[in-house]
Amino acid sequence: MALPGIQKWQILERRPPRVDGWLVCVANQKGGVGKTTTTLNLGAALAARGRRVLVVDIDPQANATTGLGLDHRAGGKSTYDLIMQEASLPEVVVPTPVSGLQCAPASVDLAGAEIELVTALAREHRLQECLVEAAGTFDVVFIDCPPSLGLLTINAMVAADDLVVPVQCEYYALEGLGQLVGNAERVRKSLNRELRIAGILLTMYDARTNLSPEVAEEVRKHFGPIVYDTVIPRSIKLSEAPSFGEPAVTLDPSSRGARSYLALADEIASTRDGSQTEGAPSPTSVSVPGPGGRGYGVATPIPPGIERAWPPLQPWTGTG
């Protein structure tokens, strides 16, 4: 399988995240690849590990907002007011039911923000200016982007230190990956010289199909060490958690999807804290996710205390 639109020279290098005030843009112009699910569950997983986390929702659909049990129709201050410089960050941020996790909620008004920003001065830097004060208040800031490459997503890339790209393990999700990486490279060259890719995250992996392993192999072949070792499986709990107004990590921590995000949080934390020991598996020495059957999940050894995100070889009997 050929990976469409990807050239080696387009790839931004990966680097360890900043220790304090890490600003992360979670972006992919294709919808339904797991951007919001990743933002919420990774944020909740890091919050459970003692990090002070902020989720900034700049998607007019406000899925990250409702996924944290907040009502985007309540009429309070939102990220629209933030971007339009009508409110400061402390005025917009609200607590969530998840301890250690706060949210800057979105509103439907964001749908008109891109039009209003067209004639604004320094329009690409609006969000960056608003998030400067977040560095001293939060350890990690996740920016949940809309499924587009418009001004809102560009604002997020300009504001961010690093880019996390969720990629669904299906062919259509690959088609726009080259365009996204190319746009990120253009933003880096002209607007944010510090922008890098923190990692590409394989999502909705299903080993019952031939396509998921093929897509995972192709992405790893082209992007190598910037692909996270952890792979996120298809999971009912990940899909139904938003209807309960909380991430799957807090709704059902024992579910396969939640355990995968907990493993991803440990993978990121080990990079941030520099806690990888000599002799630990290299990020480049990863295998294609497996095993077979209906099993799916993480591809490499799991951090201590985290179970594997795939079931045993005989999932219906619980035996190996």
# chains A, B, ... in the order shown; residues from 1 in each chain; ligands from 1

call {"tool": "select_by_dssp", "arguments": {"residues": "segment 38-264 of chain A", "states": "helix (DSSP H, G or I)", "output": "PyMOL selection string"}}
result
chain A and resi 38-48+63-67+79-83+89-92+108-117+123-130+132-136+151-159+171-175+177-190+211-226+236-244+248-251+256-264

call {"tool": "select_by_dssp", "arguments": {"residues": "segment 158-274 of chain A", "states": "strand (DSSP E or B)", "output": "list in words"}}
result
Asp162, Leu163, Val164, Val165, Pro166, Val167, Gln168, Arg196, Ile197, Ala198, Gly199, Ile200, Leu201, Leu202, Thr203, Met204, Tyr205, Val227, Tyr228, Asp229, Thr230, Val231, Ile232 and Pro233 of chain A

call {"tool": "residues_around", "arguments": {"residues": "Pro95 of chain A", "least_positions_apart": "4", "cutoff": "12 Å", "atoms": "only C-alpha atoms", "output": "MDAnalysis selection string"}}
result
chainID A and resid 52:55 65 68:70 90:91 99:105

call {"tool": "atom_distance", "arguments": {"atom1": "atom CA of Thr96 of chain A", "atom2": "atom CA of Ala263 of chain A"}}
result
22.6 Å

call {"tool": "closest_atom_pairs", "arguments": {"of": "segment 148-169 of chain A", "to": "segment 228-240 of chain A", "cutoff": "10 Å", "atoms": "only C-alpha atoms", "output": "tab-separated table"}}
result
residue	atom	partner	partner_atom	distance
A:Val164	CA	A:Tyr228	CA	9.7
A:Pro166	CA	A:Ile232	CA	9.5
A:Val167	CA	A:Ile232	CA	10.0
A:Gln168	CA	A:Ile232	CA	9.3
A:Cys169	CA	A:Pro233	CA	9.5

call {"tool": "residues_around", "arguments": {"residues": "Gly112 of chain A", "least_positions_apart": "5", "cutoff": "12 Å", "atoms": "only C-alpha atoms", "output": "number ranges by chain"}}
result
A: 58-60, 80-81, 83-84, 107, 117-118, 150-152
